[in-house]
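Shown here: target-v8.csv, CSV, C-alpha atoms.
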chain,number,residue,atom,x,y,z
Y,844,MET,CA,-135.3,-26.2,5.1
Y,845,LYS,CA,-137.1,-27.6,8.2
Y,846,LYS,CA,-136.0,-31.1,9.0
Y,847,LEU,CA,-137.7,-32.6,12.1
Y,848,SER,CA,-136.2,-35.7,13.6
Y,849,ILE,CA,-138.7,-37.5,15.7
Y,850,LEU,CA,-136.1,-39.3,17.7
Y,851,ALA,CA,-134.3,-36.0,18.4
Y,852,VAL,CA,-137.5,-34.4,19.5
Y,853,ALA,CA,-138.3,-37.4,21.7
Y,854,PHE,CA,-134.9,-37.2,23.2
Y,855,ALA,CA,-135.3,-33.6,24.2
Y,856,ALA,CA,-138.8,-34.0,25.4
Y,857,MET,CA,-138.2,-37.1,27.5
Y,858,THR,CA,-134.7,-36.8,28.9
Y,859,PHE,CA,-135.8,-35.4,32.3
Y,860,ALA,CA,-138.6,-38.0,32.7
Y,861,ALA,CA,-136.3,-40.8,31.6
Y,862,CYS,CA,-133.8,-39.8,34.3
Y,863,GLY,CA,-136.6,-39.7,37.0
Y,864,GLY,CA,-135.7,-36.1,38.0
Y,865,ASN,CA,-133.3,-37.5,40.6
Y,866,LYS,CA,-131.5,-34.7,42.3
Y,867,SER,CA,-129.2,-36.8,44.4
Y,868,ALA,CA,-125.6,-36.1,44.0
Y,869,GLN,CA,-123.6,-38.5,41.8
Y,870,PRO,CA,-120.5,-38.1,39.7
Y,871,VAL,CA,-121.2,-36.2,36.4
Y,872,GLU,CA,-119.5,-38.9,34.3
Y,873,GLN,CA,-121.8,-41.6,35.9
Y,874,GLU,CA,-124.9,-39.5,35.4
Y,875,ASP,CA,-124.1,-38.8,31.8
Y,876,THR,CA,-123.6,-42.5,31.2
Y,877,VAL,CA,-127.0,-43.4,32.7
Y,878,LYS,CA,-128.7,-40.7,30.6
Y,879,THR,CA,-127.0,-41.9,27.5
Y,880,PHE,CA,-128.1,-45.5,28.0
Y,881,GLU,CA,-131.7,-44.5,28.9
Y,882,GLN,CA,-131.9,-42.1,26.0
Y,883,GLN,CA,-130.8,-44.9,23.7
Y,884,GLN,CA,-133.4,-47.2,25.0
Y,885,ILE,CA,-136.1,-44.6,24.5
Y,886,GLU,CA,-135.0,-43.8,21.0
Y,887,ALA,CA,-134.7,-47.5,20.1
Y,888,ASN,CA,-138.3,-48.2,21.4
Y,889,ILE,CA,-139.7,-45.3,19.5
Y,890,LYS,CA,-138.1,-46.3,16.3
Y,891,MET,CA,-139.2,-49.9,16.7
Y,892,GLN,CA,-142.8,-48.8,17.1
Y,893,PHE,CA,-142.8,-46.7,14.0
Y,894,ASP,CA,-140.9,-49.3,12.0
Y,895,SER,CA,-143.5,-51.9,13.0
Y,896,LEU,CA,-146.4,-49.7,11.9
Y,897,ALA,CA,-144.8,-48.9,8.6
Y,898,SER,CA,-143.9,-52.5,7.9
Y,899,GLU,CA,-147.6,-53.6,8.5
Y,900,LEU,CA,-148.7,-50.8,6.2
Y,901,GLY,CA,-146.3,-51.9,3.5
Y,902,LYS,CA,-147.8,-55.4,3.4
Y,903,LEU,CA,-151.2,-54.0,2.3
Y,904,LYS,CA,-152.1,-53.6,-1.3
Y,905,GLN,CA,-153.0,-50.2,-2.7
Y,906,MET,CA,-156.7,-49.3,-2.6
Y,907,PRO,CA,-158.3,-50.3,-5.9
Y,908,VAL,CA,-159.4,-46.7,-6.7
Y,909,ILE,CA,-155.8,-45.9,-7.6
Y,910,SER,CA,-154.5,-49.4,-8.5
Y,911,LYS,CA,-152.4,-49.7,-11.6
Y,912,ASP,CA,-153.7,-53.2,-12.2
Y,913,GLY,CA,-156.5,-51.9,-14.4
Y,914,GLN,CA,-159.3,-53.1,-12.1
Y,915,ILE,CA,-161.4,-50.0,-12.8
Y,916,SER,CA,-162.6,-49.5,-16.3
Y,917,LEU,CA,-164.8,-46.7,-17.7
Y,918,SER,CA,-166.9,-46.7,-20.7
Y,919,ALA,CA,-166.5,-44.2,-23.5
Y,920,ASP,CA,-169.6,-42.4,-22.3
Y,921,GLU,CA,-168.4,-42.3,-18.7
Y,922,LYS,CA,-165.1,-40.8,-19.8
Y,923,LYS,CA,-166.9,-37.9,-21.4
Y,924,VAL,CA,-168.2,-36.8,-18.0
Y,925,LYS,CA,-165.1,-35.5,-16.3
Y,926,PRO,CA,-165.0,-35.5,-12.5
Y,927,ASP,CA,-165.7,-32.2,-10.9
Y,928,TYR,CA,-164.6,-33.3,-7.4
Y,929,LEU,CA,-160.9,-33.5,-7.9
Y,930,LEU,CA,-158.7,-31.0,-6.0
Y,931,ASN,CA,-158.3,-27.6,-7.6
Y,932,LEU,CA,-154.7,-27.4,-8.5
Y,933,ALA,CA,-154.5,-23.9,-7.1
Y,934,ALA,CA,-154.4,-25.6,-3.7
Y,935,ALA,CA,-150.7,-26.0,-4.4
Y,936,ASP,CA,-150.2,-22.3,-4.4
Y,937,ASN,CA,-152.0,-22.0,-1.1
Y,938,ALA,CA,-149.8,-24.5,0.7
Y,939,MET,CA,-147.5,-22.4,2.8
Y,940,THR,CA,-145.9,-24.8,5.4
Y,941,LEU,CA,-143.9,-27.8,4.6
Y,942,SER,CA,-146.6,-30.1,6.1
Y,943,GLU,CA,-149.2,-28.5,3.8
Y,944,LYS,CA,-147.0,-29.0,0.8
Y,945,TYR,CA,-146.5,-32.7,1.6
Y,946,ARG,CA,-150.2,-33.2,2.0
Y,947,VAL,CA,-151.3,-31.4,-1.1
Y,948,LEU,CA,-148.7,-33.3,-3.1
Y,949,SER,CA,-150.1,-36.6,-1.9
Y,950,ALA,CA,-153.7,-35.5,-2.8
Y,951,VAL,CA,-152.7,-34.2,-6.2
Y,952,GLU,CA,-150.9,-37.5,-7.0
Y,953,VAL,CA,-154.0,-39.5,-6.1
Y,954,ASP,CA,-156.2,-37.2,-8.2
Y,955,LYS,CA,-153.8,-37.6,-11.1
Y,956,GLU,CA,-154.5,-41.4,-11.1
Y,957,VAL,CA,-158.2,-40.7,-11.3
Y,958,ALA,CA,-157.6,-38.2,-14.1
Y,959,LYS,CA,-155.9,-40.9,-16.0
Y,960,LEU,CA,-159.0,-43.1,-15.7
Y,961,TYR,CA,-161.0,-40.4,-17.4
Y,962,GLU,CA,-158.3,-39.7,-20.0
Y,963,MET,CA,-157.9,-36.1,-18.9
Y,964,THR,CA,-154.9,-34.0,-19.8
Y,965,LEU,CA,-152.2,-34.6,-17.2
Y,966,ASP,CA,-149.8,-31.7,-18.1
Y,967,ASP,CA,-151.1,-29.4,-15.3
Y,968,TYR,CA,-150.8,-32.3,-12.8
Y,969,ASP,CA,-147.2,-32.9,-13.8
Y,970,LYS,CA,-146.3,-29.3,-13.4
Y,971,VAL,CA,-147.9,-29.0,-10.0
Y,972,ILE,CA,-146.3,-32.2,-8.8
Y,973,ALA,CA,-142.9,-31.1,-10.1
Y,974,LYS,CA,-143.3,-27.7,-8.4
Y,975,LEU,CA,-144.2,-29.2,-5.0
Y,976,VAL,CA,-141.4,-31.7,-5.2
Y,977,ALA,CA,-138.9,-28.9,-5.8
Y,978,GLU,CA,-140.3,-26.8,-3.0
Y,979,ILE,CA,-140.3,-29.7,-0.5
Y,980,ASN,CA,-136.7,-30.6,-1.6
Y,981,ASP,CA,-136.8,-33.9,0.3
Y,982,PRO,CA,-133.8,-36.1,-0.6
Y,983,SER,CA,-135.9,-39.1,0.4
Y,984,PHE,CA,-137.8,-38.9,-2.9
Y,985,GLN,CA,-134.6,-40.0,-4.7
Y,986,ALA,CA,-135.1,-43.5,-3.1
Y,987,ILE,CA,-138.1,-44.2,-5.3
Y,988,GLU,CA,-138.1,-44.5,-9.0
Y,989,ASP,CA,-140.9,-42.0,-9.7
Y,990,ALA,CA,-141.6,-38.9,-7.5
Y,991,GLY,CA,-145.1,-39.1,-8.8
Y,992,ASN,CA,-145.6,-42.3,-6.7
Y,993,ILE,CA,-145.0,-40.6,-3.4
Y,994,TYR,CA,-148.7,-41.1,-2.4
Y,995,GLU,CA,-148.1,-44.8,-2.3
Y,996,ALA,CA,-146.0,-44.3,0.8
Y,997,SER,CA,-144.0,-47.5,0.3
Y,998,GLN,CA,-141.6,-49.1,2.7
Y,999,THR,CA,-138.7,-47.8,0.6
Y,1000,LEU,CA,-140.0,-44.2,1.0
Y,1001,TYR,CA,-140.5,-44.8,4.8
Y,1002,ASP,CA,-136.9,-46.0,5.2
Y,1003,ALA,CA,-135.5,-43.0,3.3
Y,1004,MET,CA,-137.7,-40.5,5.2
Y,1005,ASP,CA,-136.6,-42.2,8.5
Y,1006,LYS,CA,-133.0,-41.8,7.5
Y,1007,ASN,CA,-133.5,-38.1,6.6
Y,1008,GLY,CA,-135.5,-37.3,9.8
Y,1009,ARG,CA,-138.9,-36.9,8.2
Y,1010,ILE,CA,-141.0,-39.6,9.6
Y,1011,ASN,CA,-143.7,-37.2,10.6
Y,1012,TYR,CA,-144.1,-36.1,7.0
Y,1013,PHE,CA,-144.3,-39.7,5.9
Y,1014,TRP,CA,-147.4,-40.3,8.0
Y,1015,GLN,CA,-149.0,-37.0,6.7
Y,1016,ILE,CA,-148.5,-38.4,3.2
Y,1017,VAL,CA,-150.3,-41.6,4.3
Y,1018,ALA,CA,-153.1,-39.7,5.9
Y,1019,THR,CA,-153.8,-37.5,2.9
Y,1020,SER,CA,-153.6,-40.4,0.5
Y,1021,ILE,CA,-156.1,-42.5,2.4
Y,1022,VAL,CA,-158.5,-39.7,2.9
Y,1023,GLU,CA,-158.3,-38.5,-0.7
Y,1024,GLN,CA,-159.0,-42.0,-2.0
Y,1025,LEU,CA,-161.9,-42.4,0.4
Y,1026,TYR,CA,-163.3,-39.0,-0.6
Y,1027,ILE,CA,-163.1,-40.0,-4.3
Y,1028,THR,CA,-164.8,-43.3,-3.6
Y,1029,THR,CA,-167.7,-41.6,-2.0
Y,1030,GLN,CA,-168.2,-39.4,-5.1
Y,1031,ASN,CA,-168.9,-42.4,-7.4
Y,1032,THR,CA,-169.5,-45.3,-4.9
Y,1033,ASP,CA,-171.0,-47.8,-7.3
Y,1034,LYS,CA,-168.3,-47.5,-9.9
Y,1035,PHE,CA,-165.3,-47.4,-7.5
Y,1036,LEU,CA,-166.5,-50.1,-5.1
Y,1037,ALA,CA,-167.1,-52.5,-8.0
Y,1038,SER,CA,-163.3,-53.1,-7.9
Y,1039,PHE,CA,-163.2,-53.8,-4.2
Y,1040,THR,CA,-163.1,-57.3,-2.6
Y,1041,ASP,CA,-163.9,-58.0,1.0
Y,1042,GLU,CA,-160.1,-58.2,1.6
Y,1043,ALA,CA,-159.6,-54.8,0.1
Y,1044,ALA,CA,-162.4,-53.3,2.2
Y,1045,ALA,CA,-160.8,-54.8,5.4
Y,1046,ASN,CA,-157.4,-53.5,4.3
Y,1047,VAL,CA,-158.8,-50.0,4.3
Y,1048,THR,CA,-159.9,-50.4,7.9
Y,1049,PHE,CA,-156.5,-51.7,8.9
Y,1050,ARG,CA,-154.8,-48.8,7.1
Y,1051,ILE,CA,-156.8,-46.4,9.1
Y,1052,VAL,CA,-156.0,-48.2,12.4
Y,1053,LEU,CA,-152.2,-48.1,11.6
Y,1054,LEU,CA,-152.4,-44.5,10.6
Y,1055,GLN,CA,-154.2,-43.3,13.7
Y,1056,ASP,CA,-151.9,-45.3,15.9
Y,1057,ALA,CA,-148.8,-43.7,14.3
Y,1058,LEU,CA,-150.3,-40.2,14.4
Y,1059,LYS,CA,-151.2,-40.5,18.1
Y,1060,ARG,CA,-147.7,-41.6,18.9
Y,1061,LEU,CA,-146.3,-38.6,16.9
Y,1062,THR,CA,-148.3,-36.1,18.9
Y,1063,GLU,CA,-146.0,-36.8,21.9
Y,1064,TYR,CA,-143.1,-35.5,19.9
Y,1065,ASP,CA,-144.5,-33.2,17.2
Y,1066,PRO,CA,-147.2,-30.8,18.3
Y,1067,GLU,CA,-147.7,-29.7,14.6
Y,1068,ILE,CA,-149.2,-33.1,13.8
Y,1069,SER,CA,-152.3,-32.4,16.0
Y,1070,PRO,CA,-154.4,-31.0,13.2
Y,1071,VAL,CA,-153.8,-34.1,11.2
Y,1072,VAL,CA,-154.8,-36.3,14.1
Y,1073,GLN,CA,-158.1,-34.3,14.4
Y,1074,ALA,CA,-158.7,-34.6,10.7
Y,1075,VAL,CA,-158.5,-38.3,10.5
Y,1076,GLU,CA,-160.2,-39.1,13.9
Y,1077,PRO,CA,-163.7,-39.3,12.3
Y,1078,LEU,CA,-162.4,-42.2,10.1
Y,1079,SER,CA,-162.7,-44.5,13.1
Y,1080,VAL,CA,-166.3,-45.2,12.1
Y,1081,LEU,CA,-165.0,-47.2,9.1
Y,1082,ASN,CA,-164.5,-50.7,10.4
Y,1083,ALA,CA,-165.8,-52.8,7.6
Y,1084,THR,CA,-164.7,-56.4,6.8
Y,1085,THR,CA,-166.9,-56.8,3.7
Y,1086,VAL,CA,-167.7,-54.6,0.7
Y,1087,ASP,CA,-171.3,-54.4,1.7
Y,1088,GLU,CA,-170.4,-53.1,5.1
Y,1089,PHE,CA,-167.9,-50.7,3.6
Y,1090,ARG,CA,-170.5,-49.3,1.2
Y,1091,GLY,CA,-173.0,-48.6,4.0
Y,1092,GLN,CA,-170.3,-47.0,6.2
Y,1093,LEU,CA,-169.0,-44.8,3.3
Y,1094,ILE,CA,-172.5,-43.5,2.7
Y,1095,GLU,CA,-173.1,-42.7,6.3
Y,1096,ALA,CA,-169.6,-41.1,6.8
Y,1097,LYS,CA,-169.6,-39.2,3.5
Y,1098,GLU,CA,-169.8,-35.7,5.2
Y,1099,LYS,CA,-167.1,-36.7,7.7
Y,1100,ILE,CA,-164.8,-37.9,5.0
Y,1101,THR,CA,-165.3,-34.6,3.1
Y,1102,ALA,CA,-164.6,-32.6,6.2
Y,1103,SER,CA,-161.4,-34.6,6.8
Y,1104,ARG,CA,-160.3,-34.1,3.2
Y,1105,ASN,CA,-160.9,-30.3,3.4
Y,1106,ALA,CA,-159.0,-30.1,6.7
Y,1107,LEU,CA,-156.0,-31.8,5.3
Y,1108,VAL,CA,-155.7,-29.7,2.2
Y,1109,ASN,CA,-156.9,-26.5,3.7
Y,1110,LEU,CA,-160.1,-26.1,1.7
Y,1111,ALA,CA,-162.9,-24.0,3.1
Y,1112,GLN,CA,-165.4,-25.9,5.2

Whole structure given in structure tokens:
Amino acid sequence: MKKLSILAVAFAAMTFAACGGNKSAQPVEQEDTVKTFEQQQIEANIKMQFDSLASELGKLKQMPVISKDGQISLSADEKKVKPDYLLNLAAADNAMTLSEKYRVLSAVEVDKEVAKLYEMTLDDYDKVIAKLVAEINDPSFQAIEDAGNIYEASQTLYDAMDKNGRINYFWQIVATSIVEQLYITTQNTDKFLASFTDEAAANVTFRIVLLQDALKRLTEYDPEISPVVQAVEPLSVLNATTVDEFRGQLIEAKEKITASRNALVNLAQ
């Protein structure tokens, strides 16, 4: 099972630069001591940056589209028209890499919350989620009460994934969760935006800023994160501070959001 420690990769990538490439002769013991100190400083700084971003993210409430507070209600007639825009669960079978499995898992969990709103049968969702969780085999999931809440990307999950050297996958979960929720919101804007406040709209913008900052930092140590960076880059156009602004920006960015979603879960463009 692939386990990528961001700090370990940063250590390997930056050791030479941190030491300044100094070729002057000095005792081996002294040189090793200097390297060790500088490496520790680099690693501590990297961890502090990611910890700060995750902490800020954890202070934000979940987007209303998947809130468990019952803010979105559907009429009996609305529930009869089942959404046709949710991810085809066969996407789980097409996820080959560990990164893809994490991302599809996050998207499926978000979709399951929407399926609940429409009182759809959830058995297939539960089976796919259980399958992906087993294939990913991340001990970090044991830190949260319900593996079906991975998409929430809580501080608890971040701390566990940090401990297990999977920080990069944490931010992929965040990316997919945000994009999937935005995508769903664009499919029924009037209904889903009805539950948003100006604060909630502004929080979405802040989530995107935090996510993009983390992903850009990750590219220095994990080249495999580049496709995710590219997928979420178009979300920079979302900078609303009110619901009205958010509505207009979502309408204008609908195609970009769809393209981002397709890229993250490997759907045909």

Spatial neighbours of Tyr961 (chain Y), 9 Å, only C-alpha atoms, chain gap at least 2 places, as number ranges by chain: Y: 917, 921-926, 957-959, 963

Around the point (-168.4, -48.3, -6.3), in the coordinates given by the file, pick out the residues reaching within 12 Å, counting only C-alpha atoms, and return them as a ChimeraX atom specification. /Y:907-908,914-916,1025,1027-1040,1044,1086-1087,1089-1091,1093-1094

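Residues in contact with Thr940 (chain Y) at up to 10 Å, not including ones fewer than 3 positions away on its chain and judged by only C-alpha atoms, are Lys845, Asn937, Glu943, Lys944, Tyr945 and Ile979 of chain Y.
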
Can you write out as a tab-separated table which residues of region 943-1014 of chain Y fall within 9 Å of region 881-895 of chain Y, alongside each residue's closest atom pair and its distance in Å to one decimal, counting all atoms listed in the file and ordering rows by chain and ascending residue number?
residue	atom	partner	partner_atom	distance
Y:Tyr1001	CA	Y:Asp894	CA	8.5
Y:Asp1002	CA	Y:Asp894	CA	8.6
Y:Asp1005	CA	Y:Lys890	CA	8.9
Y:Ile1010	CA	Y:Phe893	CA	8.5

I'd like the neighbourhood of Asp967 (chain Y) as a VMD selection string, where a residue qualifies if any of its atoms comes within 12 Å (using only C-alpha atoms), though same-chain residues fewer than 5 positions away should be ignored. chain Y and resid 931 to 933 935 951 to 952 954 to 955 958 972 to 974

Please export region 1047-1062 of chain Y as a compact mmCIF listing (two decimals), in the first residue's frame, restricted to N, CA and C atoms.
# COMPACT_ATOMS: atom_id res chain seq x y z
N VAL Y 1047 -17.76 29.37 1.35
CA VAL Y 1047 -17.38 28.57 0.19
C VAL Y 1047 -16.14 29.16 -0.47
N THR Y 1048 -16.14 30.48 -0.62
CA THR Y 1048 -15.00 31.16 -1.21
C THR Y 1048 -13.74 30.91 -0.39
N PHE Y 1049 -13.87 31.00 0.93
CA PHE Y 1049 -12.72 30.80 1.79
C PHE Y 1049 -12.23 29.36 1.72
N ARG Y 1050 -13.15 28.41 1.63
CA ARG Y 1050 -12.76 27.01 1.48
C ARG Y 1050 -11.90 26.82 0.23
N ILE Y 1051 -12.31 27.46 -0.85
CA ILE Y 1051 -11.58 27.33 -2.11
C ILE Y 1051 -10.18 27.94 -1.99
N VAL Y 1052 -10.09 29.09 -1.34
CA VAL Y 1052 -8.79 29.74 -1.14
C VAL Y 1052 -7.86 28.84 -0.33
N LEU Y 1053 -8.36 28.29 0.76
CA LEU Y 1053 -7.55 27.41 1.61
C LEU Y 1053 -7.11 26.16 0.84
N LEU Y 1054 -8.05 25.60 0.09
CA LEU Y 1054 -7.75 24.40 -0.69
C LEU Y 1054 -6.67 24.66 -1.72
N GLN Y 1055 -6.82 25.73 -2.48
CA GLN Y 1055 -5.86 26.03 -3.53
C GLN Y 1055 -4.48 26.33 -2.95
N ASP Y 1056 -4.44 26.98 -1.81
CA ASP Y 1056 -3.17 27.26 -1.15
C ASP Y 1056 -2.48 25.96 -0.76
N ALA Y 1057 -3.23 25.05 -0.16
CA ALA Y 1057 -2.65 23.77 0.26
C ALA Y 1057 -2.16 22.97 -0.94
N LEU Y 1058 -2.95 22.92 -1.99
CA LEU Y 1058 -2.57 22.13 -3.16
C LEU Y 1058 -1.32 22.68 -3.83
N LYS Y 1059 -1.21 24.01 -3.90
CA LYS Y 1059 -0.03 24.60 -4.51
C LYS Y 1059 1.22 24.29 -3.70
N ARG Y 1060 1.09 24.29 -2.39
CA ARG Y 1060 2.23 23.92 -1.55
C ARG Y 1060 2.60 22.45 -1.75
N LEU Y 1061 1.58 21.63 -1.93
CA LEU Y 1061 1.82 20.19 -2.10
C LEU Y 1061 2.56 19.87 -3.39
N THR Y 1062 2.38 20.68 -4.41
CA THR Y 1062 3.02 20.39 -5.69
C THR Y 1062 4.54 20.40 -5.58
